[in-house]
file my_file_15.txt (compact mmCIF, C-alpha atoms)
# COMPACT_ATOMS: atom_id res chain seq x y z
CA GLY A 1 56.62 16.84 24.80
CA PRO A 2 56.38 13.29 26.18
CA GLN A 3 53.01 13.51 27.94
CA HIS A 4 50.48 10.91 29.01
CA PRO A 5 47.38 12.93 29.91
CA SER A 6 45.01 10.18 30.99
CA THR A 7 44.59 6.46 31.58
CA HIS A 8 41.86 3.93 32.39
CA GLY A 9 39.06 5.80 30.64
CA VAL A 10 38.95 8.76 33.03
CA LEU A 11 39.08 11.46 30.35
CA ARG A 12 36.35 12.37 27.88
CA LEU A 13 37.22 14.50 24.87
CA ILE A 14 34.34 16.31 23.15
CA LEU A 15 35.48 17.00 19.59
CA GLU A 16 34.13 19.24 16.86
CA LEU A 17 35.15 17.90 13.47
CA GLU A 18 35.38 19.41 10.04
CA GLY A 19 35.81 16.35 7.90
CA GLU A 20 38.87 14.66 9.37
CA THR A 21 40.18 17.87 10.95
CA ILE A 22 39.61 18.54 14.65
CA ALA A 23 38.26 22.09 14.83
CA ASP A 24 37.80 22.20 18.60
CA ALA A 25 38.30 19.94 21.61
CA ARG A 26 36.92 20.21 25.14
CA CYS A 27 37.86 18.01 28.11
CA GLY A 28 35.48 16.28 30.48
CA VAL A 29 37.37 14.97 33.50
CA GLY A 30 36.44 12.93 36.55
CA TYR A 31 35.12 9.80 34.90
CA LEU A 32 35.57 6.35 36.35
CA HIS A 33 32.83 4.21 34.83
CA THR A 34 32.83 0.99 36.83
CA GLY A 35 29.22 1.00 38.06
CA ILE A 36 30.28 1.43 41.68
CA GLU A 37 27.23 3.36 42.83
CA LYS A 38 24.77 0.90 41.29
CA ASN A 39 26.64 -2.12 42.64
CA MET A 40 26.63 -0.68 46.17
CA GLU A 41 22.85 -0.41 46.11
CA TYR A 42 22.65 -4.19 46.38
CA ARG A 43 25.29 -4.74 49.05
CA SER A 44 25.47 -4.52 52.82
CA PHE A 45 27.18 -1.53 54.44
CA THR A 46 30.30 -3.61 55.11
CA GLN A 47 30.41 -5.02 51.59
CA GLY A 48 30.15 -1.47 50.25
CA VAL A 49 33.67 -0.77 51.53
CA THR A 50 35.13 -3.12 48.91
CA PHE A 51 33.61 -0.90 46.22
CA ALA A 52 34.42 2.44 47.86
CA THR A 53 38.10 1.53 48.18
CA ARG A 54 38.32 1.11 44.39
CA MET A 55 36.99 4.59 43.60
CA ASP A 56 40.56 5.88 43.66
CA TYR A 57 43.23 3.22 43.77
CA LEU A 58 45.87 5.79 44.73
CA SER A 59 43.95 7.00 47.81
CA PRO A 60 41.78 4.06 48.89
CA PHE A 61 41.86 4.80 52.61
CA PHE A 62 40.29 8.22 52.06
CA ASN A 63 37.38 6.71 50.15
CA GLU A 64 36.92 3.95 52.70
CA THR A 65 36.89 6.43 55.58
CA ALA A 66 34.55 8.91 53.90
CA TYR A 67 32.12 6.11 53.07
CA CYS A 68 32.25 4.61 56.57
CA MET A 69 31.78 8.00 58.24
CA ALA A 70 28.69 8.54 56.08
CA VAL A 71 27.33 5.13 57.07
CA GLU A 72 28.04 5.84 60.74
CA ARG A 73 26.18 9.14 60.54
CA LEU A 74 23.21 7.46 58.86
CA LEU A 75 23.13 4.81 61.60
CA GLY A 76 23.65 7.35 64.38
CA ILE A 77 26.73 5.58 65.76
CA GLU A 78 29.36 8.28 65.21
CA ASP A 79 30.00 8.59 68.96
CA ASP A 80 30.44 4.82 69.28
CA VAL A 81 33.51 4.59 67.05
CA PRO A 82 36.53 3.90 69.32
CA GLU A 83 39.07 6.71 69.52
CA ARG A 84 41.88 4.28 68.74
CA ALA A 85 40.14 3.27 65.53
CA GLN A 86 39.74 6.92 64.57
CA VAL A 87 43.44 7.56 65.18
CA ILE A 88 44.39 4.51 63.10
CA ARG A 89 42.16 5.77 60.28
CA VAL A 90 43.89 9.15 60.29
CA MET A 91 47.34 7.56 60.37
CA MET A 92 46.54 5.34 57.41
CA MET A 93 45.07 8.26 55.47
CA GLU A 94 48.14 10.40 56.09
CA LEU A 95 50.42 7.63 54.90
CA ASN A 96 48.11 7.20 51.90
CA ARG A 97 48.37 10.92 51.17
CA ILE A 98 52.15 10.64 51.11
CA SER A 99 52.10 7.65 48.77
CA SER A 100 49.60 9.35 46.46
CA HIS A 101 51.73 12.49 46.26
CA LEU A 102 54.78 10.37 45.53
CA VAL A 103 52.98 8.83 42.56
CA ALA A 104 52.06 12.30 41.33
CA LEU A 105 55.70 13.41 41.50
CA ALA A 106 56.96 10.16 39.98
CA THR A 107 54.55 10.01 37.06
CA GLY A 108 54.74 13.75 36.52
CA GLY A 109 58.49 13.45 36.21
CA MET A 110 58.22 10.49 33.87
CA GLU A 111 55.79 12.36 31.61
CA LEU A 112 58.26 15.25 31.41
CA GLY A 113 61.14 12.92 30.62
CA ALA A 114 62.71 12.81 34.10
CA LEU A 115 63.03 9.10 34.80
CA THR A 116 65.03 9.62 38.00
CA ALA A 117 62.02 11.29 39.61
CA MET A 118 59.91 8.26 38.73
CA GLU A 119 62.42 5.83 40.21
CA PHE A 120 62.72 7.83 43.42
CA GLY A 121 58.97 8.29 43.77
CA PHE A 122 58.14 4.62 43.43
CA ARG A 123 61.07 3.68 45.65
CA GLU A 124 59.56 5.64 48.55
CA ARG A 125 56.01 4.56 47.75
CA GLU A 126 57.05 0.94 48.20
CA LEU A 127 57.95 1.74 51.82
CA VAL A 128 54.43 3.02 52.46
CA LEU A 129 52.82 0.09 50.67
CA ASP A 130 54.82 -2.25 52.89
CA ILE A 131 53.11 -0.66 55.89
CA PHE A 132 49.69 -1.05 54.28
CA GLU A 133 50.40 -4.73 53.71
CA MET A 134 51.59 -5.21 57.27
CA VAL A 135 48.52 -3.54 58.78
CA SER A 136 45.74 -4.69 56.45
CA GLY A 137 47.17 -7.65 54.55
CA LEU A 138 46.95 -5.85 51.19
CA ARG A 139 49.01 -3.20 49.46
CA MET A 140 46.09 -1.58 47.61
CA ASN A 141 42.29 -1.55 47.93
CA SER A 142 42.51 -2.94 51.44
CA ALA A 143 38.87 -2.50 52.63
CA TYR A 144 40.50 -2.01 56.03
CA VAL A 145 38.28 0.80 57.32
CA ARG A 146 34.88 -0.56 58.31
CA PRO A 147 31.64 0.99 59.60
CA GLY A 148 32.23 1.32 63.34
CA GLY A 149 36.03 1.26 63.23
CA VAL A 150 38.65 -0.76 61.37
CA ALA A 151 38.91 -4.42 60.38
CA GLN A 152 41.58 -5.23 62.98
CA ASP A 153 44.00 -3.58 65.36
CA LEU A 154 47.58 -2.75 64.43
CA PRO A 155 49.89 -5.77 64.52
CA GLU A 156 52.68 -5.90 67.06
CA GLY A 157 55.54 -3.57 66.17
CA ALA A 158 53.56 -1.69 63.53
CA LEU A 159 53.77 1.69 65.23
CA GLN A 160 57.57 1.55 65.43
CA ASP A 161 57.74 0.53 61.78
CA VAL A 162 55.62 3.56 60.88
CA LEU A 163 57.86 5.89 62.90
CA ASP A 164 61.00 4.44 61.29
CA THR A 165 59.53 4.74 57.79
CA VAL A 166 58.45 8.35 58.29
CA ALA A 167 61.92 9.22 59.61
CA LEU A 168 63.50 7.66 56.51
CA LEU A 169 61.10 9.47 54.19
CA ARG A 170 62.06 12.79 55.78
CA THR A 171 65.72 12.22 54.95
CA ARG A 172 64.88 11.61 51.29
CA MET A 173 62.72 14.67 50.68
CA LYS A 174 65.80 16.66 49.65
CA ASP A 175 66.08 14.41 46.59
CA TYR A 176 62.74 15.72 45.33
CA ASP A 177 63.70 19.28 46.16
CA ASP A 178 66.86 18.92 44.09
CA LEU A 179 65.11 17.10 41.24
CA CYS A 180 61.97 19.18 40.88
CA ASN A 181 61.78 22.55 42.59
CA GLU A 182 64.52 24.31 40.65
CA ASN A 183 64.57 22.02 37.64
CA PRO A 184 64.22 24.30 34.57
CA ILE A 185 62.38 21.63 32.58
CA PHE A 186 59.88 21.07 35.39
CA LYS A 187 59.36 24.79 35.83
CA ALA A 188 59.02 25.50 32.12
CA ARG A 189 56.24 22.93 31.80
CA THR A 190 54.39 23.55 35.05
CA VAL A 191 54.62 27.17 36.24
CA GLY A 192 51.45 28.95 35.23
CA VAL A 193 49.92 25.76 33.84
CA GLY A 194 46.48 24.83 35.14
CA TYR A 195 45.83 28.29 36.55
CA LEU A 196 42.37 28.72 38.03
CA ASP A 197 41.31 32.18 39.17
CA LEU A 198 38.94 33.00 42.01
CA THR A 199 35.90 33.21 39.74
CA GLY A 200 36.65 29.75 38.35
CA CYS A 201 37.12 28.36 41.86
CA MET A 202 33.81 29.78 43.02
CA ALA A 203 32.04 28.39 39.96
CA LEU A 204 33.34 24.93 40.85
CA GLY A 205 32.30 25.29 44.46
CA MET A 206 35.84 25.65 45.84
CA THR A 207 36.13 27.84 48.93
CA GLY A 208 39.89 27.59 49.45
CA PRO A 209 42.63 29.87 48.08
CA VAL A 210 43.19 30.44 44.40
CA LEU A 211 45.01 27.51 42.86
CA ARG A 212 48.10 28.07 40.80
CA SER A 213 50.72 25.60 39.70
CA THR A 214 54.16 26.65 40.86
CA GLY A 215 56.16 23.63 39.79
call {"tool": "encode", "arguments": {"input": "my_file_15.txt", "output": "structure tokens"}}
result
Amino acid sequence: GPQHPSTHGVLRLILELEGETIADARCGVGYLHTGIEKNMEYRSFTQGVTFATRMDYLSPFFNETAYCMAVERLLGIEDDVPERAQVIRVMMMELNRISSHLVALATGGMELGALTAMEFGFRERELVLDIFEMVSGLRMNSAYVRPGGVAQDLPEGALQDVLDTVALLRTRMKDYDDLCNENPIFKARTVGVGYLDLTGCMALGMTGPVLRSTG
């Protein structure tokens, strides 16, 4: 079917060839070769945020926060981070989680031939990106979370805009339910795909429940 398994050099295929025939293929996932770790060795802690935010352009606030929390622990200043800054971090990460999931639904639908899912997903993601731009000045890779807190406080009216956006997103979730959950094409191509049993989870260091795609 119409599938787009990987982009931006994040997938390695190890092939066994017999002449020009592929006899076997194994996947190596998780690659993002941009030299981030090496570059960060020569930067200050604050400058490192601009690299950490680019580790995953769909979830930059998570990378920024994880990096800054590590720096804060190394410096022994975890207790000095203002509570308001911690709350803002969590709020931005939760919004980022929503936008990242919307991209997964949108692109997943597109790869299965459901263009409506893509249009809906990116429509809602734009609302979240508008909030990111309002708060940090950028829509992606904001470098907003900093060691010790955040770059700046929320602008006036930001909290109400967040509440209004979340309320609107809630009203539109039914669209995804109708488009995806009982869609026979979605289910045929996703149910049972990517199954990982308990032994596989343990081998990968996962301690949560067994993962199974349910569509």
call {"tool": "atom_distance", "arguments": {"input": "my_file_15.txt", "atom1": "CA of Leu11 in chain A", "atom2": "CA of Val193 in chain A"}}
result
18.3 Å
call {"tool": "residues_around", "arguments": {"input": "my_file_15.txt", "residues": "Ala52 in chain A", "least_positions_apart": "3", "cutoff": "7 Å", "atoms": "all atoms listed in the file", "output": "ChimeraX atom specification"}}
result
/A:48-49,55,63-64,67
call {"tool": "atom_distance", "arguments": {"input": "my_file_15.txt", "atom1": "CA of Leu105 in chain A", "atom2": "CA of Phe120 in chain A"}}
result
9.2 Å
call {"tool": "residues_around", "arguments": {"input": "my_file_15.txt", "residues": "Val87 in chain A", "least_positions_apart": "2", "cutoff": "12 Å", "atoms": "all atoms listed in the file", "output": "ChimeraX atom specification"}}
result
/A:65,81-85,89-94,145,149-150,153-154,159
call {"tool": "residues_around", "arguments": {"input": "my_file_15.txt", "residues": "Thr165 in chain A", "least_positions_apart": "5", "cutoff": "9 Å", "atoms": "all atoms listed in the file", "output": "ChimeraX atom specification"}}
result
/A:127-128,131,160,170
call {"tool": "atom_distance", "arguments": {"input": "my_file_15.txt", "atom1": "CA of Tyr57 in chain A", "atom2": "CA of Asp79 in chain A"}}
result
29.0 Å
call {"tool": "residues_around", "arguments": {"input": "my_file_15.txt", "residues": "Ala117 in chain A", "least_positions_apart": "3", "cutoff": "10 Å", "atoms": "only C-alpha atoms", "output": "list of chain:residue names"}}
result
A:Leu102, A:Val103, A:Leu105, A:Ala106, A:Thr107, A:Gly108, A:Gly109, A:Met110, A:Leu112, A:Gly113, A:Ala114, A:Phe120, A:Gly121, A:Phe122, A:Arg123, A:Asp175, A:Tyr176, A:Leu179, A:Cys180
call {"tool": "residues_around", "arguments": {"input": "my_file_15.txt", "residues": "Pro147 in chain A", "least_positions_apart": "6", "cutoff": "8 Å", "atoms": "only C-alpha atoms", "output": "count of residues only"}}
result
6
call {"tool": "decode", "arguments": {"input": "my_file_15.txt", "residues": "range 166-181 of chain A", "atoms": "all heavy atoms", "output": "PDB file, in the first residue's frame"}}
result
ATOM      1  N   VAL A 166      -7.605  24.244  24.238  1.00  0.00           N
ATOM      2  CA  VAL A 166      -7.856  22.882  24.733  1.00  0.00           C
ATOM      3  C   VAL A 166      -9.341  22.555  24.647  1.00  0.00           C
ATOM      4  O   VAL A 166      -9.727  21.438  24.257  1.00  0.00           O
ATOM      5  CB  VAL A 166      -7.343  22.731  26.180  1.00  0.00           C
ATOM      6  CG1 VAL A 166      -7.811  21.409  26.775  1.00  0.00           C
ATOM      7  CG2 VAL A 166      -5.826  22.824  26.213  1.00  0.00           C
ATOM      8  N   ALA A 167     -10.195  23.521  24.987  1.00  0.00           N
ATOM      9  CA  ALA A 167     -11.643  23.294  24.896  1.00  0.00           C
ATOM     10  C   ALA A 167     -12.053  23.016  23.453  1.00  0.00           C
ATOM     11  O   ALA A 167     -12.888  22.138  23.184  1.00  0.00           O
ATOM     12  CB  ALA A 167     -12.387  24.507  25.447  1.00  0.00           C
ATOM     13  N   LEU A 168     -11.477  23.749  22.512  1.00  0.00           N
ATOM     14  CA  LEU A 168     -11.790  23.526  21.093  1.00  0.00           C
ATOM     15  C   LEU A 168     -11.293  22.164  20.631  1.00  0.00           C
ATOM     16  O   LEU A 168     -11.998  21.447  19.901  1.00  0.00           O
ATOM     17  CB  LEU A 168     -11.160  24.634  20.248  1.00  0.00           C
ATOM     18  CG  LEU A 168     -11.344  24.520  18.732  1.00  0.00           C
ATOM     19  CD1 LEU A 168     -12.823  24.493  18.351  1.00  0.00           C
ATOM     20  CD2 LEU A 168     -10.633  25.667  18.022  1.00  0.00           C
ATOM     21  N   LEU A 169     -10.090  21.794  21.055  1.00  0.00           N
ATOM     22  CA  LEU A 169      -9.543  20.488  20.667  1.00  0.00           C
ATOM     23  C   LEU A 169     -10.429  19.353  21.156  1.00  0.00           C
ATOM     24  O   LEU A 169     -10.623  18.349  20.462  1.00  0.00           O
ATOM     25  CB  LEU A 169      -8.127  20.331  21.227  1.00  0.00           C
ATOM     26  CG  LEU A 169      -7.038  21.193  20.585  1.00  0.00           C
ATOM     27  CD1 LEU A 169      -5.736  21.068  21.361  1.00  0.00           C
ATOM     28  CD2 LEU A 169      -6.831  20.821  19.129  1.00  0.00           C
ATOM     29  N   ARG A 170     -10.979  19.501  22.346  1.00  0.00           N
ATOM     30  CA  ARG A 170     -11.860  18.457  22.895  1.00  0.00           C
ATOM     31  C   ARG A 170     -13.084  18.240  22.003  1.00  0.00           C
ATOM     32  O   ARG A 170     -13.533  17.111  21.812  1.00  0.00           O
ATOM     33  CB  ARG A 170     -12.307  18.825  24.310  1.00  0.00           C
ATOM     34  CG  ARG A 170     -11.234  18.694  25.373  1.00  0.00           C
ATOM     35  CD  ARG A 170     -11.796  19.029  26.745  1.00  0.00           C
ATOM     36  NE  ARG A 170     -10.791  18.975  27.788  1.00  0.00           N
ATOM     37  CZ  ARG A 170     -10.410  17.865  28.412  1.00  0.00           C
ATOM     38  NH1 ARG A 170     -10.967  16.705  28.092  1.00  0.00           N
ATOM     39  NH2 ARG A 170      -9.491  17.909  29.354  1.00  0.00           N
ATOM     40  N   THR A 171     -13.608  19.318  21.458  1.00  0.00           N
ATOM     41  CA  THR A 171     -14.813  19.183  20.628  1.00  0.00           C
ATOM     42  C   THR A 171     -14.517  18.493  19.302  1.00  0.00           C
ATOM     43  O   THR A 171     -15.422  17.967  18.660  1.00  0.00           O
ATOM     44  CB  THR A 171     -15.430  20.565  20.338  1.00  0.00           C
ATOM     45  OG1 THR A 171     -14.527  21.332  19.514  1.00  0.00           O
ATOM     46  CG2 THR A 171     -15.709  21.309  21.627  1.00  0.00           C
ATOM     47  N   ARG A 172     -13.249  18.484  18.891  1.00  0.00           N
ATOM     48  CA  ARG A 172     -12.898  17.923  17.592  1.00  0.00           C
ATOM     49  C   ARG A 172     -12.362  16.485  17.671  1.00  0.00           C
ATOM     50  O   ARG A 172     -12.050  15.895  16.642  1.00  0.00           O
ATOM     51  CB  ARG A 172     -11.876  18.821  16.900  1.00  0.00           C
ATOM     52  CG  ARG A 172     -12.460  20.187  16.547  1.00  0.00           C
ATOM     53  CD  ARG A 172     -11.450  21.050  15.809  1.00  0.00           C
ATOM     54  NE  ARG A 172     -12.054  22.311  15.370  1.00  0.00           N
ATOM     55  CZ  ARG A 172     -11.392  23.286  14.757  1.00  0.00           C
ATOM     56  NH1 ARG A 172     -10.093  23.140  14.522  1.00  0.00           N
ATOM     57  NH2 ARG A 172     -12.006  24.389  14.384  1.00  0.00           N
ATOM     58  N   MET A 173     -12.238  15.960  18.867  1.00  0.00           N
ATOM     59  CA  MET A 173     -11.711  14.608  18.998  1.00  0.00           C
ATOM     60  C   MET A 173     -12.627  13.561  18.368  1.00  0.00           C
ATOM     61  O   MET A 173     -12.180  12.511  17.918  1.00  0.00           O
ATOM     62  CB  MET A 173     -11.490  14.267  20.475  1.00  0.00           C
ATOM     63  CG  MET A 173     -10.309  14.987  21.118  1.00  0.00           C
ATOM     64  SD  MET A 173      -8.721  14.672  20.307  1.00  0.00           S
ATOM     65  CE  MET A 173      -8.498  16.184  19.342  1.00  0.00           C
ATOM     66  N   LYS A 174     -13.929  13.862  18.323  1.00  0.00           N
ATOM     67  CA  LYS A 174     -14.864  12.911  17.716  1.00  0.00           C
ATOM     68  C   LYS A 174     -14.544  12.684  16.240  1.00  0.00           C
ATOM     69  O   LYS A 174     -14.795  11.602  15.704  1.00  0.00           O
ATOM     70  CB  LYS A 174     -16.298  13.402  17.875  1.00  0.00           C
ATOM     71  CG  LYS A 174     -17.341  12.368  17.452  1.00  0.00           C
ATOM     72  CD  LYS A 174     -18.758  12.871  17.665  1.00  0.00           C
ATOM     73  CE  LYS A 174     -19.773  11.788  17.315  1.00  0.00           C
ATOM     74  NZ  LYS A 174     -19.660  11.334  15.911  1.00  0.00           N
ATOM     75  N   ASP A 175     -13.989  13.702  15.596  1.00  0.00           N
ATOM     76  CA  ASP A 175     -13.624  13.545  14.181  1.00  0.00           C
ATOM     77  C   ASP A 175     -12.627  12.407  14.009  1.00  0.00           C
ATOM     78  O   ASP A 175     -12.728  11.611  13.073  1.00  0.00           O
ATOM     79  CB  ASP A 175     -13.008  14.841  13.644  1.00  0.00           C
ATOM     80  CG  ASP A 175     -14.019  15.971  13.557  1.00  0.00           C
ATOM     81  OD1 ASP A 175     -15.225  15.677  13.538  1.00  0.00           O
ATOM     82  OD2 ASP A 175     -13.597  17.146  13.510  1.00  0.00           O
ATOM     83  N   TYR A 176     -11.663  12.330  14.911  1.00  0.00           N
ATOM     84  CA  TYR A 176     -10.644  11.276  14.820  1.00  0.00           C
ATOM     85  C   TYR A 176     -11.228   9.919  15.181  1.00  0.00           C
ATOM     86  O   TYR A 176     -10.842   8.897  14.623  1.00  0.00           O
ATOM     87  CB  TYR A 176      -9.465  11.629  15.727  1.00  0.00           C
ATOM     88  CG  TYR A 176      -8.820  12.925  15.333  1.00  0.00           C
ATOM     89  CD1 TYR A 176      -9.191  14.121  15.955  1.00  0.00           C
ATOM     90  CD2 TYR A 176      -7.892  12.977  14.306  1.00  0.00           C
ATOM     91  CE1 TYR A 176      -8.635  15.319  15.569  1.00  0.00           C
ATOM     92  CE2 TYR A 176      -7.326  14.172  13.913  1.00  0.00           C
ATOM     93  CZ  TYR A 176      -7.701  15.340  14.546  1.00  0.00           C
ATOM     94  OH  TYR A 176      -7.156  16.532  14.151  1.00  0.00           O
ATOM     95  N   ASP A 177     -12.154   9.931  16.129  1.00  0.00           N
ATOM     96  CA  ASP A 177     -12.837   8.693  16.493  1.00  0.00           C
ATOM     97  C   ASP A 177     -13.586   8.143  15.284  1.00  0.00           C
ATOM     98  O   ASP A 177     -13.509   6.952  14.955  1.00  0.00           O
ATOM     99  CB  ASP A 177     -13.803   8.969  17.644  1.00  0.00           C
ATOM    100  CG  ASP A 177     -14.386   7.690  18.237  1.00  0.00           C
ATOM    101  OD1 ASP A 177     -13.841   6.598  17.963  1.00  0.00           O
ATOM    102  OD2 ASP A 177     -15.375   7.780  18.964  1.00  0.00           O
ATOM    103  N   ASP A 178     -14.302   9.026  14.587  1.00  0.00           N
ATOM    104  CA  ASP A 178     -15.073   8.598  13.423  1.00  0.00           C
ATOM    105  C   ASP A 178     -14.163   8.163  12.271  1.00  0.00           C
ATOM    106  O   ASP A 178     -14.464   7.222  11.533  1.00  0.00           O
ATOM    107  CB  ASP A 178     -15.976   9.743  12.942  1.00  0.00           C
ATOM    108  CG  ASP A 178     -17.061  10.092  13.946  1.00  0.00           C
ATOM    109  OD1 ASP A 178     -17.374   9.233  14.801  1.00  0.00           O
ATOM    110  OD2 ASP A 178     -17.588  11.215  13.891  1.00  0.00           O
ATOM    111  N   LEU A 179     -13.033   8.870  12.110  1.00  0.00           N
ATOM    112  CA  LEU A 179     -12.159   8.607  10.972  1.00  0.00           C
ATOM    113  C   LEU A 179     -11.292   7.363  11.147  1.00  0.00           C
ATOM    114  O   LEU A 179     -10.980   6.682  10.172  1.00  0.00           O
ATOM    115  CB  LEU A 179     -11.244   9.811  10.726  1.00  0.00           C
ATOM    116  CG  LEU A 179     -11.829  10.989   9.964  1.00  0.00           C
ATOM    117  CD1 LEU A 179     -10.875  12.172  10.020  1.00  0.00           C
ATOM    118  CD2 LEU A 179     -12.096  10.611   8.514  1.00  0.00           C
ATOM    119  N   CYS A 180     -10.891   7.104  12.378  1.00  0.00           N
ATOM    120  CA  CYS A 180      -9.841   6.108  12.592  1.00  0.00           C
ATOM    121  C   CYS A 180     -10.278   4.857  13.349  1.00  0.00           C
ATOM    122  O   CYS A 180      -9.984   3.737  12.910  1.00  0.00           O
ATOM    123  CB  CYS A 180      -8.669   6.749  13.337  1.00  0.00           C
ATOM    124  SG  CYS A 180      -7.993   8.220  12.531  1.00  0.00           S
ATOM    125  N   ASN A 181     -10.956   5.028  14.459  1.00  0.00           N
ATOM    126  CA  ASN A 181     -11.149   3.890  15.369  1.00  0.00           C
ATOM    127  C   ASN A 181     -11.903   2.725  14.752  1.00  0.00           C
ATOM    128  O   ASN A 181     -11.571   1.571  15.000  1.00  0.00           O
ATOM    129  CB  ASN A 181     -11.857   4.349  16.651  1.00  0.00           C
ATOM    130  CG  ASN A 181     -10.928   5.135  17.558  1.00  0.00           C
ATOM    131  OD1 ASN A 181      -9.740   5.275  17.268  1.00  0.00           O
ATOM    132  ND2 ASN A 181     -11.464   5.644  18.646  1.00  0.00           N
TER     133      ASN A 181
END
